[in-house]
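One file, input_1.cif, carrying mmCIF, C-alpha atoms:
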```cif
data_upload
#
loop_
_atom_site.label_atom_id
_atom_site.label_comp_id
_atom_site.auth_asym_id
_atom_site.auth_seq_id
_atom_site.Cartn_x
_atom_site.Cartn_y
_atom_site.Cartn_z
CA MET A 7 26.84 -5.03 26.38
CA GLU A 8 25.49 -7.95 24.43
CA ALA A 9 22.05 -7.74 26.09
CA ILE A 10 21.62 -4.07 25.24
CA ARG A 11 22.63 -4.68 21.63
CA ALA A 12 20.04 -7.45 21.35
CA SER A 13 17.44 -5.11 22.87
CA PHE A 14 18.06 -2.47 20.24
CA GLY A 15 17.98 -4.98 17.38
CA VAL A 16 14.67 -6.45 18.42
CA GLY A 17 13.21 -3.17 19.65
CA LEU A 18 13.77 -1.23 16.46
CA ALA A 19 12.36 -4.02 14.30
CA VAL A 20 9.18 -4.11 16.38
CA ALA A 21 8.81 -0.38 16.66
CA ALA A 22 8.66 -0.16 12.87
CA TYR A 23 5.59 -2.27 12.78
CA GLY A 24 3.62 -0.05 15.12
CA VAL A 25 3.02 2.04 11.98
CA SER A 26 0.96 -0.80 10.48
CA PHE A 27 -1.03 -1.11 13.70
CA GLY A 28 -1.77 2.62 13.88
CA ALA A 29 -2.87 2.84 10.27
CA LEU A 30 -5.03 -0.28 10.46
CA ALA A 31 -6.65 0.78 13.72
CA VAL A 32 -7.78 4.10 12.28
CA THR A 33 -9.07 2.45 9.14
CA ALA A 34 -10.94 -0.06 11.35
CA GLY A 35 -12.94 2.89 12.67
CA LEU A 36 -11.05 3.90 15.82
CA ASP A 37 -10.08 7.51 16.33
CA ILE A 38 -6.48 8.54 16.94
CA TRP A 39 -6.94 8.74 20.72
CA GLN A 40 -8.49 5.27 20.94
CA THR A 41 -5.68 3.87 18.82
CA CYS A 42 -3.01 5.42 21.03
CA VAL A 43 -4.69 4.30 24.26
CA LEU A 44 -4.65 0.71 23.00
CA SER A 45 -0.90 0.86 22.43
CA LEU A 46 -0.23 2.67 25.71
CA LEU A 47 -2.42 0.58 27.98
CA MET A 48 -2.81 -2.84 26.34
CA PHE A 49 0.72 -2.87 24.88
CA SER A 50 0.56 -6.35 23.35
CA GLY A 51 0.60 -6.48 19.57
CA GLY A 52 -1.39 -9.67 18.95
CA SER A 53 -4.20 -8.63 21.30
CA GLN A 54 -4.31 -5.14 19.82
CA PHE A 55 -4.58 -6.43 16.26
CA ALA A 56 -7.33 -8.81 17.40
CA VAL A 57 -9.38 -5.97 18.88
CA ILE A 58 -9.23 -3.86 15.76
CA GLY A 59 -9.71 -6.82 13.41
CA ILE A 60 -12.90 -7.89 15.15
CA LEU A 61 -14.22 -4.35 15.57
CA ALA A 62 -13.57 -3.73 11.86
CA SER A 63 -15.77 -6.65 10.81
CA GLY A 64 -18.38 -6.64 13.58
CA GLY A 65 -18.48 -3.07 14.86
CA ALA A 66 -19.10 -2.21 18.51
CA ALA A 67 -21.68 -5.03 18.67
CA ALA A 68 -18.76 -7.47 18.51
CA GLY A 69 -17.25 -5.86 21.62
CA PRO A 70 -17.50 -8.90 23.93
CA ALA A 71 -15.86 -11.12 21.30
CA ALA A 72 -13.14 -8.52 20.77
CA ILE A 73 -12.44 -8.36 24.51
CA ALA A 74 -12.42 -12.16 24.86
CA SER A 75 -10.08 -12.60 21.89
CA ALA A 76 -7.67 -9.99 23.23
CA ALA A 77 -7.68 -11.65 26.65
CA LEU A 78 -7.15 -15.16 25.26
CA LEU A 79 -4.25 -13.94 23.14
CA GLY A 80 -2.91 -12.28 26.29
CA THR A 81 -2.74 -15.51 28.29
CA ARG A 82 0.73 -16.25 26.96
CA ASN A 83 1.93 -13.06 28.65
CA SER A 84 0.91 -14.65 31.96
CA LEU A 85 3.33 -17.48 31.24
CA TYR A 86 6.09 -15.04 30.37
CA ALA A 87 5.36 -13.21 33.63
CA ILE A 88 5.67 -16.43 35.63
CA THR A 89 9.06 -16.99 34.00
CA MET A 90 10.26 -13.42 34.56
CA ALA A 91 9.00 -12.99 38.14
CA PRO A 92 11.87 -14.75 39.95
CA ILE A 93 14.45 -13.18 37.59
CA LEU A 94 13.29 -9.61 38.06
CA ALA A 95 12.19 -9.97 41.71
CA GLU A 96 10.75 -6.46 41.68
CA ARG A 97 8.75 -4.75 44.41
CA TRP A 98 5.74 -2.53 43.90
CA PRO A 99 5.32 -0.28 42.00
CA ARG A 100 8.08 -1.51 39.66
CA LYS A 101 6.33 -4.86 39.60
CA LEU A 102 3.43 -3.18 37.84
CA LEU A 103 5.77 -1.68 35.25
CA ALA A 104 7.47 -5.05 34.75
CA ALA A 105 4.04 -6.63 34.21
CA HIS A 106 3.08 -3.99 31.69
CA TRP A 107 6.26 -4.58 29.70
CA THR A 108 6.09 -8.37 29.84
CA ILE A 109 5.60 -9.25 26.17
CA ASP A 110 7.02 -11.71 23.65
CA GLU A 111 10.07 -9.65 22.83
CA SER A 112 11.22 -8.54 26.29
CA THR A 113 10.90 -12.12 27.56
CA ALA A 114 12.66 -13.56 24.51
CA VAL A 115 15.62 -11.17 24.76
CA ALA A 116 15.89 -11.74 28.51
CA MET A 117 15.81 -15.52 28.26
CA ALA A 118 18.42 -15.51 25.48
CA GLN A 119 20.97 -14.09 27.96
CA SER A 120 23.06 -16.35 30.15
CA THR A 121 23.53 -14.41 33.40
CA LEU A 122 20.91 -13.07 35.79
CA GLU A 123 22.21 -9.53 35.40
CA ALA A 124 22.15 -9.72 31.59
CA ARG A 125 18.61 -11.11 31.68
CA ARG A 126 17.39 -8.17 33.76
CA THR A 127 19.23 -5.75 31.48
CA GLY A 128 17.78 -7.38 28.37
CA PHE A 129 14.26 -7.29 29.76
CA TRP A 130 14.24 -3.65 30.83
CA TRP A 131 16.05 -2.30 27.78
CA THR A 132 13.84 -4.20 25.36
CA GLY A 133 10.80 -3.07 27.35
CA ILE A 134 11.63 0.63 27.25
CA ILE A 135 12.76 0.64 23.61
CA ILE A 136 9.63 -1.13 22.43
CA PHE A 137 7.31 0.86 24.70
CA LEU A 138 8.60 4.19 23.38
CA GLY A 139 8.96 3.02 19.79
CA TRP A 140 5.64 1.18 19.62
CA ASN A 141 3.66 4.14 20.95
CA LEU A 142 5.45 6.68 18.79
CA THR A 143 5.01 4.64 15.61
CA THR A 144 1.40 3.87 16.51
CA LEU A 145 0.74 7.61 16.55
CA ILE A 146 2.55 8.09 13.23
CA GLY A 147 0.57 5.20 11.70
CA ALA A 148 -2.71 6.56 13.03
CA LEU A 149 -2.01 9.99 11.53
CA LEU A 150 -1.08 8.33 8.21
CA GLY A 151 -4.20 6.15 8.26
CA ASP A 152 -6.28 9.26 8.89
CA LEU A 153 -4.75 10.87 5.79
CA ILE A 154 -5.17 7.85 3.55
CA GLY A 155 -8.92 7.59 4.06
CA ASP A 156 -10.89 4.88 2.25
CA VAL A 157 -8.98 1.74 2.89
CA SER A 158 -10.05 -1.28 1.01
CA GLN A 159 -9.19 0.50 -2.24
CA TYR A 160 -5.63 0.73 -1.05
CA GLY A 161 -5.38 -2.84 0.15
CA LEU A 162 -5.12 -2.18 3.88
CA ASP A 163 -7.61 -4.97 4.60
CA ALA A 164 -5.11 -7.35 3.01
CA ALA A 165 -2.38 -5.73 5.08
CA ALA A 166 -4.30 -6.66 8.25
CA ALA A 167 -4.45 -10.30 7.15
CA ALA A 168 -0.73 -10.21 6.40
CA ALA A 169 -0.05 -8.71 9.84
CA PHE A 170 -1.77 -11.64 11.58
CA LEU A 171 0.15 -14.04 9.36
CA GLY A 172 3.40 -12.34 10.33
CA LEU A 173 2.62 -12.81 14.03
CA LEU A 174 1.70 -16.45 13.40
CA TRP A 175 4.57 -17.41 11.10
CA PRO A 176 7.43 -17.82 13.63
CA ARG A 177 5.23 -20.14 15.72
CA LEU A 178 4.76 -22.72 12.96
CA LYS A 179 7.92 -24.71 13.46
CA GLN A 180 6.47 -28.01 14.70
CA LEU A 181 3.69 -30.31 13.58
CA GLN A 182 1.40 -29.61 16.55
CA PRO A 183 1.06 -25.83 16.04
CA ILE A 184 0.75 -26.31 12.28
CA VAL A 185 -2.14 -28.74 12.69
CA VAL A 186 -3.80 -26.38 15.18
CA ALA A 187 -3.33 -23.41 12.83
CA VAL A 188 -4.88 -25.20 9.85
CA ALA A 189 -7.79 -26.59 11.87
CA ALA A 190 -8.49 -23.23 13.53
CA ALA A 191 -8.55 -21.47 10.16
CA VAL A 192 -10.99 -24.05 8.78
CA VAL A 193 -13.26 -23.82 11.83
CA ALA A 194 -13.32 -20.02 11.76
CA THR A 195 -14.08 -19.98 8.02
CA LEU A 196 -16.85 -22.57 8.22
CA LEU A 197 -18.52 -20.83 11.17
CA THR A 198 -18.37 -17.34 9.66
CA PRO A 199 -21.68 -17.54 7.74
CA ALA A 200 -23.46 -18.99 10.78
CA LEU A 201 -22.37 -16.73 13.65
CA PRO A 202 -21.94 -13.01 14.40
CA ALA A 203 -18.50 -11.50 13.72
CA GLY A 204 -15.93 -12.37 16.35
CA LEU A 205 -17.50 -15.60 17.57
CA PRO A 206 -15.98 -17.83 14.85
CA VAL A 207 -12.50 -16.72 15.98
CA LEU A 208 -13.30 -17.49 19.61
CA LEU A 209 -14.69 -20.93 18.82
CA ALA A 210 -11.62 -21.70 16.73
CA ALA A 211 -9.64 -21.29 19.97
CA LEU A 212 -11.30 -24.48 21.21
CA VAL A 213 -9.14 -26.37 18.73
CA ALA A 214 -6.10 -25.30 20.77
CA VAL A 215 -7.69 -26.34 24.05
CA ILE A 216 -8.64 -29.78 22.74
CA VAL A 217 -5.35 -30.53 20.98
CA GLY A 218 -3.37 -29.04 23.87
CA ILE A 219 -5.03 -31.07 26.59
CA ALA A 220 -5.03 -34.32 24.60
CA ASN A 221 -1.51 -33.46 23.39
CA TRP A 222 -2.15 -34.82 19.91
CA PHE A 223 0.58 -34.41 17.28
CA ALA A 224 3.11 -33.86 20.06
CA PRO A 225 6.78 -33.64 19.15
CA ARG A 226 8.45 -37.03 19.43
CA GLY A 227 11.94 -38.19 20.26
CA ARG A 228 12.50 -35.32 22.64
CA ALA A 229 12.15 -35.32 26.38
CA ARG A 230 9.60 -32.57 26.35
CA GLU A 231 8.95 -29.44 24.40
CA ALA A 232 10.01 -26.21 26.05
CA PRO A 233 7.31 -25.02 28.42
CA LEU A 234 7.73 -21.50 27.16
CA ASP A 235 7.99 -20.39 23.60
CA PRO A 236 8.59 -16.68 23.12
CA ARG A 237 9.33 -16.08 19.49
CA ALA A 238 12.94 -16.26 18.49
CA ALA A 239 14.42 -12.93 19.39
CA ASN A 240 16.07 -12.45 16.03
CA GLY A 241 13.35 -14.08 14.00
CA GLY A 242 11.84 -11.07 12.40
CA VAL A 243 8.41 -9.94 13.23
CA SER A 244 8.40 -8.78 16.63
CA MET B 24 -20.87 -1.24 24.50
CA THR B 25 -19.14 1.83 23.20
CA VAL B 26 -15.77 1.56 21.46
CA TRP B 27 -14.14 3.30 24.42
CA GLN B 28 -15.57 0.77 26.87
CA ILE B 29 -14.36 -2.09 24.69
CA ILE B 30 -10.86 -0.61 24.50
CA LEU B 31 -10.60 0.03 28.23
CA VAL B 32 -12.02 -3.31 29.35
CA ALA B 33 -9.88 -5.27 26.88
CA SER B 34 -6.75 -3.33 27.86
CA ILE B 35 -7.31 -3.84 31.57
CA ALA B 36 -7.94 -7.55 30.98
CA VAL B 37 -4.67 -7.94 29.06
CA LEU B 38 -2.75 -5.98 31.70
CA ALA B 39 -4.35 -7.99 34.51
CA LEU B 40 -3.28 -11.25 32.83
CA LYS B 41 0.32 -10.02 32.75
CA LEU B 42 0.15 -9.01 36.40
CA LEU B 43 -1.41 -12.33 37.35
CA GLY B 44 1.80 -14.09 36.28
CA TYR B 45 3.78 -12.07 38.85
CA LEU B 46 1.38 -13.01 41.63
CA VAL B 47 0.97 -16.78 41.23
CA PRO B 48 3.51 -19.34 42.47
CA PRO B 49 6.06 -20.19 39.73
CA SER B 50 5.44 -23.93 40.10
CA ILE B 51 2.44 -23.64 37.74
CA ILE B 52 4.69 -23.34 34.71
CA GLU B 53 6.35 -26.64 35.52
CA LYS B 54 3.18 -28.40 34.47
CA PRO B 55 3.38 -28.74 30.69
CA THR B 56 -0.33 -28.73 29.86
CA PRO B 57 -1.26 -25.11 30.77
CA ALA B 58 1.86 -23.85 28.99
CA ARG B 59 1.10 -25.93 25.91
CA VAL B 60 -2.52 -24.83 25.77
CA ALA B 61 -1.55 -21.15 26.14
CA ASN B 62 0.97 -21.41 23.29
CA LEU B 63 -1.49 -23.25 21.06
CA LEU B 64 -4.24 -20.72 21.90
CA THR B 65 -2.07 -18.00 20.42
CA VAL B 66 -1.56 -20.06 17.27
CA ALA B 67 -5.26 -20.92 16.90
CA LEU B 68 -6.47 -17.36 17.42
CA LEU B 69 -3.94 -15.81 15.07
CA SER B 70 -4.67 -18.40 12.39
CA ALA B 71 -8.44 -17.89 12.74
CA LEU B 72 -7.89 -14.15 12.46
CA VAL B 73 -5.83 -14.65 9.28
CA ALA B 74 -8.66 -16.73 7.79
CA VAL B 75 -11.45 -14.33 8.73
CA GLN B 76 -9.51 -11.24 7.70
CA THR B 77 -8.71 -12.84 4.32
CA LEU B 78 -12.03 -14.47 3.48
CA ALA B 79 -14.89 -12.82 5.38
CA VAL B 80 -16.96 -9.83 4.43
CA GLY B 81 -19.33 -9.43 7.36
CA GLN B 82 -20.89 -12.87 7.63
CA SER B 83 -20.23 -14.05 4.10
CA ILE B 84 -17.15 -15.68 2.61
CA GLN B 85 -15.71 -13.96 -0.44
CA LEU B 86 -12.64 -14.79 -2.48
CA ASP B 87 -11.15 -11.53 -3.69
CA ALA B 88 -7.88 -9.60 -4.00
CA ARG B 89 -7.05 -10.38 -0.37
CA VAL B 90 -6.29 -14.03 -1.21
CA PRO B 91 -3.42 -13.41 -3.68
CA ALA B 92 -2.18 -10.66 -1.36
CA LEU B 93 -1.96 -13.15 1.50
CA LEU B 94 -0.13 -15.65 -0.72
CA VAL B 95 2.40 -12.95 -1.57
CA ALA B 96 2.79 -12.23 2.15
CA ALA B 97 3.30 -15.93 2.94
CA GLY B 98 5.98 -16.20 0.25
CA LEU B 99 7.80 -13.15 1.58
CA PHE B 100 7.63 -14.31 5.20
CA ALA B 101 9.10 -17.63 4.05
CA LEU B 102 11.97 -15.66 2.51
CA ARG B 103 12.46 -13.85 5.86
CA VAL B 104 11.63 -10.44 4.44
CA PRO B 105 11.08 -7.87 7.26
CA PHE B 106 7.56 -7.50 8.64
CA ILE B 107 6.89 -3.93 7.53
CA VAL B 108 8.02 -4.66 3.95
CA VAL B 109 5.71 -7.68 3.75
CA ILE B 110 2.74 -5.67 5.02
CA ILE B 111 3.30 -2.99 2.40
CA ALA B 112 3.75 -5.62 -0.34
CA ALA B 113 0.48 -7.33 0.65
CA ALA B 114 -1.41 -4.03 0.64
CA ALA B 115 0.12 -3.09 -2.71
CA THR B 116 -0.80 -6.47 -4.25
CA ALA B 117 -4.44 -6.13 -3.25
CA ALA B 118 -4.58 -2.50 -4.33
CA LEU B 119 -3.04 -3.30 -7.71
CA ILE B 120 -5.46 -6.17 -8.39
CA ARG B 121 -8.40 -3.96 -7.48
CA LEU B 122 -7.08 -1.26 -9.79
CA VAL B 123 -6.89 -3.51 -12.86
CA THR B 124 -10.05 -5.58 -12.31
#
```

Could you render the structure from this file as structure tokens?
Amino acid sequence: MEAIRASFGVGLAVAAYGVSFGALAVTAGLDIWQTCVLSLLMFSGGSQFAVIGILASGGAAAGPAAIASAALLGTRNSLYAITMAPILAERWPRKLLAAHWTIDESTAVAMAQSTLEARRTGFWWTGIIIFLGWNLTTLIGALLGDLIGDVSQYGLDAAAAAAFLGLLWPRLKQLQPIVVAVAAAVVATLLTPALPAGLPVLLAALVAVIVGIANWFAPRGRAREAPLDPRAANGGVS
Amino acid sequence: MTVWQIILVASIAVLALKLLGYLVPPSIIEKPTPARVANLLTVALLSALVAVQTLAVGQSIQLDARVPALLVAAGLFALRVPFIVVIIAAAATAALIRLVT
């Protein structure tokens, strides 16, 4: 089964990077339980990294900004869900499970298949492989992070930056996202000295809203860009 | 807020957003603007997080070992090196620079 093979390929690659999340979460100040609950309940890599990144720099006082960043990063999952809903056509309570497992990878593998049956297979297999693998490797990473101790000496703060870059990288294939990425980085950097931790990141999101609504730097010569852009299933990160 | 409250509220919000997509009519996605804004939001937030994680120490901007580490990571991602290898290489670069300076 082609769809199942794709699920394993993508799933195993992603599972491996749960280790980085677990280790970084613990070094950001979360305990092992909190780290594991994030992976079990939130189960969306970008949002999870955002929570721990903002808590690491701003502490619990940056909580509202951490929640808002996680939610904004989670809005793309809503789009994936809208795409998957008619394909899966699940009833409760499986609808809840489908929602929980609606992430970049499960959607990407599903949409890469050509038949309805293969799409369902791809979605559910990718979902279960990543759910099990991500939570297991999160726990392993958290235990490792606990052992390692003082982080910045070891370079784990740089690892967190690299992790965000790895999530961003596959999305920078057209001019519009590249312009947004550069502008958002500049805005966040310039606002950092002026605002409490977490807020510069949130305000940088406005760049996306403005450019997105005005549709500046839009791709030309094509009818329209794809309405949905889950990362290429075989692209690497996740 | 306690860290537990932050974790639970953020997790429920992210889960609720996923569920929302299964409850709204699918015609929404046919409009290009919401889809485009959602995709660009992801890009903007991740990029801002890269910048802050690389340059900020609390509320100040500092250029230190994280910058060359990020450049190494960018080079490796461009060469399509697997995620976990890049993360370890970035951490090792920063750790090595801190060791010798």

- Item | Top pick for closest residue to chain B, considering A:Ala87, A:Ala74, A:Ile134, A:Ala95 and counting only C-alpha atoms |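 Checking each of A:Ala87, A:Ala74, A:Ile134, A:Ala95 against chain B, counting only C-alpha atoms, the winner is A:Ala87.
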
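Considering all atoms listed in the file, the residue among A:Ile38, A:Leu197, A:Met7, A:Ala187 positioned nearest to chain B is A:Ala187.
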
**Message:** Distance limit 6 Å, atoms considered: only C-alpha atoms. Which chain B residues sit that close to chain A? Return them as an MDAnalysis selection string.
**Reply:** chainID B and resid 26 29 33:34 36:37 40:42 44:45 49 55 58:61 63:71 73:74 76:77 81:83 89 93 96 106:107 110 113:114 117:118

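The residues returned by the PyMOL selection byres ((chain A and resi 112) around 8) on the shown structure are Ser13, Trp107, Thr108, Ile109, Asp110, Glu111, Thr113, Ala114, Val115, Ala116, Gly128, Phe129, Trp130, Thr132 and Gly133 of chain A.
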
A straight line from CA of Gly147 (chain A) to CA of Ala34 (chain A) spans 12.7 Å

Point to revise | Distance in Å - CA of Leu181 (chain A) versus CA of Ala118 (chain A) | key: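 So the two atoms, CA of Leu181 (chain A) and CA of Ala118 (chain A), lie 24.0 Å apart.
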
As lines of an AutoDock Vina configuration file: centre and edge lengths in Å, one decimal, of the axis-aligned box holding region 116-125 of chain A with 5 Å per side:
```
center_x = 19.7
center_y = -12.9
center_z = 30.6
size_x = 17.7
size_y = 16.8
size_z = 20.3
```

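CA of Gly151 (chain A) lies 24.4 Å from CA of Met24 (chain B).
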
- With all atoms listed in the file as the atoms that count, which of B:Leu94, B:Leu102, B:Val75, B:Ala88 lies nearest to Ile120 (chain B)?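 Selected residue with least distance to Ile120 (chain B): B:Ala88.
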
So which residues touch Ile146 (chain A) within 9 Å, counting all atoms listed in the file, skipping near sequence neighbours fewer than 2 positions away, as a PDB file with C-alpha atoms, keeping the file's coordinate frame?
```
ATOM      1  CA  GLY A  24       3.620  -0.050  15.120  1.00  0.00           C
ATOM      2  CA  VAL A  25       3.020   2.040  11.980  1.00  0.00           C
ATOM      3  CA  GLY A  28      -1.770   2.620  13.880  1.00  0.00           C
ATOM      4  CA  ALA A  29      -2.870   2.840  10.270  1.00  0.00           C
ATOM      5  CA  ASN A 141       3.660   4.140  20.950  1.00  0.00           C
ATOM      6  CA  LEU A 142       5.450   6.680  18.790  1.00  0.00           C
ATOM      7  CA  THR A 143       5.010   4.640  15.610  1.00  0.00           C
ATOM      8  CA  THR A 144       1.400   3.870  16.510  1.00  0.00           C
ATOM      9  CA  ALA A 148      -2.710   6.560  13.030  1.00  0.00           C
ATOM     10  CA  LEU A 149      -2.010   9.990  11.530  1.00  0.00           C
ATOM     11  CA  LEU A 150      -1.080   8.330   8.210  1.00  0.00           C
ATOM     12  CA  GLY A 151      -4.200   6.150   8.260  1.00  0.00           C
TER      13      GLY A 151
END
```

Original post:
What would the list of residues within 12 Å of (-14.7, -8.3, -11.4) (file frame) look like as a ChimeraX atom specification, if all atoms listed in the file are what count?
Top reply: /B:86-88,120-124

Take region 49-64 of chain B, model N, CA and C atoms, and hand the result over as a compact mmCIF listing (two decimals), in the coordinates of the input.
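result.txt was written with the following content:
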```txt
# COMPACT_ATOMS: atom_id res chain seq x y z
N PRO B 49 5.43 -19.80 41.00
CA PRO B 49 6.06 -20.19 39.73
C PRO B 49 5.93 -21.67 39.40
N SER B 50 5.49 -22.49 40.37
CA SER B 50 5.44 -23.93 40.10
C SER B 50 4.41 -24.27 39.02
N ILE B 51 3.47 -23.37 38.75
CA ILE B 51 2.44 -23.64 37.74
C ILE B 51 3.05 -23.94 36.38
N ILE B 52 4.12 -23.20 36.06
CA ILE B 52 4.69 -23.34 34.71
C ILE B 52 5.41 -24.66 34.54
N GLU B 53 5.69 -25.34 35.65
CA GLU B 53 6.35 -26.64 35.52
C GLU B 53 5.41 -27.71 34.99
N LYS B 54 4.12 -27.46 35.08
CA LYS B 54 3.18 -28.40 34.47
C LYS B 54 3.08 -28.07 32.99
N PRO B 55 3.30 -29.06 32.12
CA PRO B 55 3.38 -28.74 30.69
C PRO B 55 2.04 -28.39 30.06
N THR B 56 0.93 -28.92 30.58
CA THR B 56 -0.33 -28.73 29.86
C THR B 56 -0.80 -27.27 29.78
N PRO B 57 -0.82 -26.51 30.91
CA PRO B 57 -1.26 -25.11 30.77
C PRO B 57 -0.36 -24.32 29.82
N ALA B 58 0.94 -24.57 29.87
CA ALA B 58 1.86 -23.85 28.99
C ALA B 58 1.59 -24.20 27.54
N ARG B 59 1.35 -25.50 27.28
CA ARG B 59 1.10 -25.93 25.91
C ARG B 59 -0.19 -25.34 25.38
N VAL B 60 -1.23 -25.37 26.21
CA VAL B 60 -2.52 -24.83 25.77
C VAL B 60 -2.40 -23.33 25.50
N ALA B 61 -1.69 -22.60 26.35
CA ALA B 61 -1.55 -21.15 26.14
C ALA B 61 -0.82 -20.86 24.84
N ASN B 62 0.25 -21.61 24.56
CA ASN B 62 0.97 -21.41 23.29
C ASN B 62 0.10 -21.76 22.08
N LEU B 63 -0.64 -22.84 22.19
CA LEU B 63 -1.49 -23.25 21.06
C LEU B 63 -2.67 -22.29 20.88
N LEU B 64 -3.16 -21.72 21.99
CA LEU B 64 -4.24 -20.72 21.90
C LEU B 64 -3.81 -19.56 21.02
```
